[in-house]
Amino acid sequence: METKKRSFRISKKNILMFFAIMGPGIITANVDNDAGGITTYSVVGASYGLKMLWILFIITLSLIITQEMCARMGVITGKGLSDLIRENFGLKVTIWAMLVLLVANLASTVAEFAGIAASMEIFGIYKYISVPIAAIFIWLLVVKGTYRSVEKIFLAACLVYLTYVVSAFMVKPQWGEVIKQTFTPSFEFSPGYINLFIATIGTTITPWMQFYLQSSVRDKGILAKDYVYEKIDVIGGAIFTDLIAFFIIVACAATIYKTGIKIETAKEAAEALRPFAGNYAEKLFAFGLFNASVFGAVILPLSTAYAITEAFGWESGVDKTFREAPMFIGIYTALIILSTVMVLAPNAPLISIMVISQTLNGILLPFILILMLSLVNNKRIMGEHTNSFIFNVIAWITVVTIIILTILLLLSPFIF
């Protein structure tokens, strides 16, 4: 593989090259704003107004650092993260990692389908109609599509997140106060604030993101000499997704927070906007939730199928047929069917399922991050593309911080 690095200069050729490579970083980061993410940011704005906006700086930095390492490994090695874990840490470690990932991602996928159901109920569509139709669309999108066609749809879905920007402007916040709070760190030593503080940062980076990003970089066939474009893709994706989080918090802070209304879900946030910004704001917020939930319901099973098939050396890829990659298509299909059935089941404990997914992701995340740092600093694997000393210091501080916050998040029900 050619390893000569290419610097980025603004020119027509480089801009066109960036748009050709753009995708993995932006898509992976934006799916982080799924049903659970949107709910978290909505509750942050509704409960504490603008006081937690400054945290988004920490979130953006954490996202950039971890995603950049994964993307770099995908480009340099041409392999997925599961491949590298199996080859360097053995089958036993891989099996346990994949087992926890499978259960966690199933629970998270159920949460996405629950988000689809909740958002469509605002439009008067019952879940027994919206969820099966969405499930069929999601299945056909990947099974019958090609990598390029699926990626184009994903990129278009990223633009739908702009509905939250529109919603924020429709509620007419005091922008001077918004700017002030954005750059003014504040903290409250209350159980509710600390819980949300941890949750806001802790939900930024999940195990599935690392597996999906590296696999999509590999599938796209990005070369080391063109990595500068993918690096911009990763950084741009992290900034864009956290800007969306910014506007979600602003929209809820300018309306729901002022009235003291308590919300627990993104659906409740959408409904609460109606008295302040009108029916259109509510519908825009709900449509954003629907888009995010569908997006997540596609990517989570896809990342799971990628991770497990790569871990055991089976064929994988969106461009593959069922005959070429039966396990890949089979795992993807099974996760969609199981999630659909669980959401449609009467009295399904959806809140408990979401908590389980968060707990399992929390258990797996520190393990995956440590393995990633070990891999990215292995000269036998990465050659001259290992982390620099400064980057390693920043990366380890970031990873250790995320691990501590994840542990606190898991223990929070017993501490606070």
# chains A, B, ... in the order shown; residues from 1 in each chain; ligands from 1
call {"tool": "select_by_dssp", "arguments": {"residues": "stretch 12-226 of chain A", "states": "alpha helix (DSSP H)", "output": "PyMOL selection string"}}
result
chain A and resi 12-21+24-31+35-48+55-77+81-89+91-122+127-143+147-160+162-170+175-182+191-202+207-220
call {"tool": "closest_atom_pairs", "arguments": {"of": "stretch 302-347 of chain A", "to": "stretch 198-207 of chain A", "cutoff": "12 Å", "atoms": "only C-alpha atoms", "output": "JSON lines"}}
result
{"residue": "A:Ser303", "atom": "CA", "partner": "A:Pro207", "partner_atom": "CA", "distance": 9.7}
{"residue": "A:Thr304", "atom": "CA", "partner": "A:Pro207", "partner_atom": "CA", "distance": 10.0}
{"residue": "A:Ala307", "atom": "CA", "partner": "A:Pro207", "partner_atom": "CA", "distance": 10.3}
call {"tool": "atom_distance", "arguments": {"atom1": "atom CA of A:Val75", "atom2": "atom CA of A:Val217"}}
result
6.5 Å
call {"tool": "atom_distance", "arguments": {"atom1": "atom CA of A:Ser357", "atom2": "atom CA of A:Ser62"}}
result
21.0 Å
call {"tool": "closest_residue", "arguments": {"among": "A:Val343, A:Ile368, A:Ala395, A:Ile404", "to": "A:Thr94", "atoms": "only C-alpha atoms"}}
result
A:Ile368
call {"tool": "residues_around", "arguments": {"residues": "stretch 17-24 of chain A", "least_positions_apart": "5", "cutoff": "9 Å", "atoms": "only C-alpha atoms", "output": "ChimeraX atom specification"}}
result
/A:12,29,71,151-152,154-155,212-217,220,222,226,228-230,232-234,237
call {"tool": "residues_around", "arguments": {"residues": "A:Leu273", "least_positions_apart": "5", "cutoff": "8 Å", "atoms": "only C-alpha atoms", "output": "ChimeraX atom specification"}}
result
/A:252,255-256,278,281-282
call {"tool": "write_last_selection", "arguments": {"atoms": "N, CA and C atoms", "output": "CSV table (one decimal), in the first residue's frame"}}
result
chain,number,residue,atom,x,y,z
A,252,CYS,N,-35.1,23.3,23.4
A,252,CYS,CA,-35.8,22.9,24.6
A,252,CYS,C,-35.6,23.9,25.8
A,255,THR,N,-37.9,27.0,25.6
A,255,THR,CA,-39.3,26.8,25.7
A,255,THR,C,-39.7,26.0,27.0
A,256,ILE,N,-39.3,24.7,27.0
A,256,ILE,CA,-39.8,23.8,28.0
A,256,ILE,C,-39.2,24.1,29.4
A,278,GLY,N,-45.6,26.6,18.0
A,278,GLY,CA,-46.6,26.2,17.0
A,278,GLY,C,-46.5,24.8,16.5
A,281,ALA,N,-43.2,23.6,14.6
A,281,ALA,CA,-42.0,23.2,15.3
A,281,ALA,C,-42.1,21.8,15.9
A,282,GLU,N,-43.3,21.5,16.4
A,282,GLU,CA,-43.5,20.2,17.0
A,282,GLU,C,-43.3,19.1,15.9
call {"tool": "closest_residue", "arguments": {"among": "A:Ala253, A:Val100, A:Ile15, A:Val294", "to": "A:Ile138", "atoms": "only C-alpha atoms"}}
result
A:Val294
call {"tool": "closest_residue", "arguments": {"among": "A:Phe246, A:Tyr280, A:Tyr147, A:Phe414", "to": "A:Asp319", "atoms": "only C-alpha atoms"}}
result
A:Tyr147
call {"tool": "closest_residue", "arguments": {"among": "A:Leu140, A:Ala114, A:Val166, A:Ile336", "to": "A:Lys283", "atoms": "only C-alpha atoms"}}
result
A:Val166
call {"tool": "atom_distance", "arguments": {"atom1": "atom CA of A:Gly383", "atom2": "atom CA of A:Ile27"}}
result
27.7 Å
call {"tool": "residues_around", "arguments": {"residues": "A:Ser108", "least_positions_apart": "5", "cutoff": "10 Å", "atoms": "only C-alpha atoms", "output": "number ranges by chain"}}
result
A: 34-36, 102-103, 113-114, 296-297, 300-301, 339, 353-358, 360-361
call {"tool": "write_last_selection", "arguments": {"atoms": "C-alpha atoms", "output": "PDB file, in the first residue's frame"}}
result
ATOM      1  CA  ASP A  34     -30.100   8.670  17.515  1.00  0.00           C
ATOM      2  CA  ALA A  35     -33.314   8.319  19.521  1.00  0.00           C
ATOM      3  CA  GLY A  36     -31.368   7.986  22.774  1.00  0.00           C
ATOM      4  CA  LEU A 102     -24.560  -8.372  19.958  1.00  0.00           C
ATOM      5  CA  VAL A 103     -26.807  -8.109  23.020  1.00  0.00           C
ATOM      6  CA  PHE A 113     -37.646   1.233  16.544  1.00  0.00           C
ATOM      7  CA  ALA A 114     -39.304   2.605  19.671  1.00  0.00           C
ATOM      8  CA  GLY A 296     -29.930   4.325  13.834  1.00  0.00           C
ATOM      9  CA  ALA A 297     -32.113   1.314  13.040  1.00  0.00           C
ATOM     10  CA  LEU A 300     -26.782  -0.485  14.439  1.00  0.00           C
ATOM     11  CA  PRO A 301     -27.694  -3.864  12.872  1.00  0.00           C
ATOM     12  CA  SER A 339     -36.340  -5.544  17.283  1.00  0.00           C
ATOM     13  CA  ILE A 353     -34.418  -2.469  27.336  1.00  0.00           C
ATOM     14  CA  MET A 354     -32.856   0.961  26.799  1.00  0.00           C
ATOM     15  CA  VAL A 355     -31.231   0.815  30.234  1.00  0.00           C
ATOM     16  CA  ILE A 356     -29.831  -2.646  29.471  1.00  0.00           C
ATOM     17  CA  SER A 357     -28.323  -1.388  26.200  1.00  0.00           C
ATOM     18  CA  GLN A 358     -26.672   1.517  28.006  1.00  0.00           C
ATOM     19  CA  LEU A 360     -23.857  -3.303  28.225  1.00  0.00           C
ATOM     20  CA  ASN A 361     -22.340  -0.575  26.080  1.00  0.00           C
TER      21      ASN A 361
END
call {"tool": "closest_residue", "arguments": {"among": "A:Tyr306, A:Trp96, A:Phe240, A:Phe287", "to": "A:Met120", "atoms": "only C-alpha atoms"}}
result
A:Phe287
call {"tool": "closest_residue", "arguments": {"among": "A:Ile122, A:Leu50, A:Leu99, A:Val393", "to": "A:Gln174", "atoms": "only C-alpha atoms"}}
result
A:Leu50
